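Everything below concerns the one structure shown next.
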There are 2 protein chains.
Amino acid sequence: MDIERAQLALLTELAEIARTLGSPQRLMLLQHVSQGARSVERLAELTGLSVANTSQHLQHLKRSGLVVPRRDGKRILYDLASGPINELLAALTYLAEHRRAEIQSVISDSVNQTERLEGISREELLERLRDSSVTLLDVRPREEFAMGHLPGAINIPLEELEERLSTLPVEHEVIAYCRGPHCVLSVNAVALLRRKGIRTRLLNAGFPDWKAAGLSVETGA
Amino acid sequence: MDIERAQLALLTELAEIARTLGSPQRLMLLQHVSQGARSVERLAELTGLSVANTSQHLQHLKRSGLVVPRRDGKRILYDLASGPINELLAALTYLAEHRRAEIQSVISDSVNQTERLEGISREELLERLRDSSVTLLDVRPREEFAMGHLPGAINIPLEELEERLSTLPVEHEVIAYCRGPHCVLSVNAVALLRRKGIRTRLLNAGFPDWKAAGLSVETGA
DNA sequence: AGAACACTCAATAGATTGATTGATAAAGCT
DNA sequence: AGCTTTATCAATCAATCTATTGAGTGTTCT
């Protein structure tokens, strides 16, 4: 019974966080806040909500420990709290994408949708690279990138991705990769980019697989 | 602008999933379902909910694409939908745990992040008590306080602290304590008082430690 | 000190959600 | 066919959530 009560307490905590995320407005706020500390007024502007309403949603986010306020003169800046918040959002986005792809594949017969989600194979990538119709993105840390990467890839470590979004060429589809088929880095990157409306796919293989397959590799920055 | 609309649509989808997870009952159902397909009646039994209520929650989960029903004779079995649902739950749990750990170790939502919860040792406290240069504050519930407390301590349960702030003597530094070194009550009390500009520190030990060390104890209100 | 500013708080009305009840539908049994 | 089991649906009421309004708090500037 004591275990059951503890279980219930934990689930109640989880539910509280989840319910906080259960509003498009708050998700929008969170997304803006995750790009750096912002004042209430700025956030109201960015989201199109009234200031009072924005304030209330921010209080809600604060109560759930997702944002942290900090006074700066006469304004109050809200910042993302520490902890794996982006990871949670990534997981949520990823699931939503998965679900959407599933629904679409039932309606239309297009395999393209599921493929989009599942990722891209080495073979297809090679083909697309030949006619340079993709942007290849390596989200590993700088050091790993320097040790070797796929030819033509550009390196933006995941932590910097959000702020350096504008430097990313988006005229083509973006293919993200990191260390392996289920490396968290690239999954997060794909979720982030898709939230921004950028067409993005995941490379099924990571850099080690690529190298192991004997394909060409570049080194240096 | 078109991107913005797509953004909003995606966020609405995310919010819908999140809101579905925003209920302890549904999380409980999901947890049971994730261990294998179960009938409505069985799930009602496992969770202690009524059958009709269980059914409704399951409909909700189904609408959000988290579970899938399948007929088996006269019963209907619910199974976990495909997709990274467990990953999402894991991310949620991870964040909740992270948040909990943070509350216990640091001043999570204090305005001034530079302020640390600098603690005070039993030895120093004894010395300060001798020349009555501190106010000793016990933030545990009344009942616990009556069962025994540090000599000279005044009792203001955490819930009442904010409204009874004016009754707190603040000419000296305030030392707060409750049950143990990382009891959430006193951590919150310290954060609250510091926000109000009252010099406050946390006693490294709680009441149980004090008693165990054989130091003198008062009882009664 | 007083005005302007940025934000929060409290109160409200309208919409949404949760649990309960009783009625309905679908499958299996006799 | 009738009857039972199992689950859903429809209707209800209390509780909660959202956005708006206007008042109140703390900070800076003059």
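We label chains A, B, ... in the order they appear in the structure tokens, count residues from 1 in each chain, and number ligands from 1 in the order shown.
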- Please identify every residue of chain D that has at least one atom no more than 7 Å from any atom of chain A, counting only C-alpha atoms (C1' of nucleotides), and report them as a PyMOL selection string. chain D and resi 19+27-28
- Tell me, as a list of chain:residue names, which residues lie within 8 Å of DA7 (chain D), counting only C-alpha atoms (C1' of nucleotides); anything in the same chain fewer than 4 positions away does not count.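 Counting only C-alpha atoms (C1' of nucleotides), the residues come to B:Val40, B:Ser55, B:Arg75, B:Ile76.
Note that DSSP on the backbone gives strand (DSSP E) to these residues of region 128-188 of chain A: Val134, Thr135, Leu136, Leu137, Asp138, Ile154, Asn155, Glu173, Val174, Ile175, Ala176 and Tyr177 of chain A.
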- Item | Exercise answer, chain C residues close to chain B, 9 Å and only C-alpha atoms (C1' of nucleotides), as a PyMOL selection string | chain C and resi 18-20+26-28
Just the selected residues (N, CA and C atoms (P, O5', C5', C4', C3', O3' and C1' of nucleotides)), exported as a PDB file, in the first residue's frame, please.
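out.pdb, written as the output of this step:
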ATOM      1  P    DG C  18     -10.380  14.925 -17.697  1.00  0.00           P
ATOM      2  O5'  DG C  18     -11.382  14.703 -16.498  1.00  0.00           O
ATOM      3  C5'  DG C  18     -11.074  15.270 -15.216  1.00  0.00           C
ATOM      4  C4'  DG C  18     -11.922  14.600 -14.144  1.00  0.00           C
ATOM      5  C3'  DG C  18     -12.031  13.080 -14.285  1.00  0.00           C
ATOM      6  O3'  DG C  18     -11.864  12.474 -13.001  1.00  0.00           O
ATOM      7  C1'  DG C  18     -14.199  14.084 -14.481  1.00  0.00           C
ATOM      8  P    DA C  19     -12.012  10.929 -12.860  1.00  0.00           P
ATOM      9  O5'  DA C  19     -13.495  10.780 -12.326  1.00  0.00           O
ATOM     10  C5'  DA C  19     -13.831  11.281 -11.038  1.00  0.00           C
ATOM     11  C4'  DA C  19     -15.283  10.968 -10.728  1.00  0.00           C
ATOM     12  C3'  DA C  19     -15.645   9.482 -10.788  1.00  0.00           C
ATOM     13  O3'  DA C  19     -16.422   9.153  -9.644  1.00  0.00           O
ATOM     14  C1'  DA C  19     -17.040  10.727 -12.253  1.00  0.00           C
ATOM     15  P    DT C  20     -17.013   7.661  -9.467  1.00  0.00           P
ATOM     16  O5'  DT C  20     -18.561   7.838  -9.795  1.00  0.00           O
ATOM     17  C5'  DT C  20     -19.289   8.910  -9.151  1.00  0.00           C
ATOM     18  C4'  DT C  20     -20.730   8.916  -9.635  1.00  0.00           C
ATOM     19  C3'  DT C  20     -21.346   7.527  -9.802  1.00  0.00           C
ATOM     20  O3'  DT C  20     -22.545   7.434  -9.026  1.00  0.00           O
ATOM     21  C1'  DT C  20     -21.665   8.831 -11.778  1.00  0.00           C
ATOM     22  P    DA C  26     -24.216  -2.676 -32.819  1.00  0.00           P
ATOM     23  O5'  DA C  26     -23.122  -3.763 -32.470  1.00  0.00           O
ATOM     24  C5'  DA C  26     -22.007  -3.409 -31.658  1.00  0.00           C
ATOM     25  C4'  DA C  26     -21.405  -4.668 -31.079  1.00  0.00           C
ATOM     26  C3'  DA C  26     -21.617  -5.924 -31.932  1.00  0.00           C
ATOM     27  O3'  DA C  26     -20.417  -6.643 -31.950  1.00  0.00           O
ATOM     28  C1'  DA C  26     -22.387  -6.299 -29.740  1.00  0.00           C
ATOM     29  P    DA C  27     -20.202  -7.885 -32.990  1.00  0.00           P
ATOM     30  O5'  DA C  27     -20.004  -9.125 -32.008  1.00  0.00           O
ATOM     31  C5'  DA C  27     -18.902  -9.114 -31.104  1.00  0.00           C
ATOM     32  C4'  DA C  27     -19.123 -10.177 -30.047  1.00  0.00           C
ATOM     33  C3'  DA C  27     -19.353 -11.581 -30.626  1.00  0.00           C
ATOM     34  O3'  DA C  27     -18.354 -12.437 -30.099  1.00  0.00           O
ATOM     35  C1'  DA C  27     -20.984 -11.018 -28.975  1.00  0.00           C
ATOM     36  P    DG C  28     -18.303 -13.983 -30.533  1.00  0.00           P
ATOM     37  O5'  DG C  28     -19.051 -14.688 -29.328  1.00  0.00           O
ATOM     38  C5'  DG C  28     -18.427 -14.706 -28.050  1.00  0.00           C
ATOM     39  C4'  DG C  28     -19.386 -15.292 -27.025  1.00  0.00           C
ATOM     40  C3'  DG C  28     -19.758 -16.764 -27.283  1.00  0.00           C
ATOM     41  O3'  DG C  28     -19.557 -17.482 -26.078  1.00  0.00           O
ATOM     42  C1'  DG C  28     -21.708 -15.455 -26.981  1.00  0.00           C
TER      43       DG C  28
END
- Computed interatomic separation between CA of Met147 (chain A) and CA of Val174 (chain A) (Å): 22.1 Å
- Could you pull out all residues of region 6-101 of chain B with a DSSP call of alpha helix (DSSP H) and give them as a count of residues only? 64
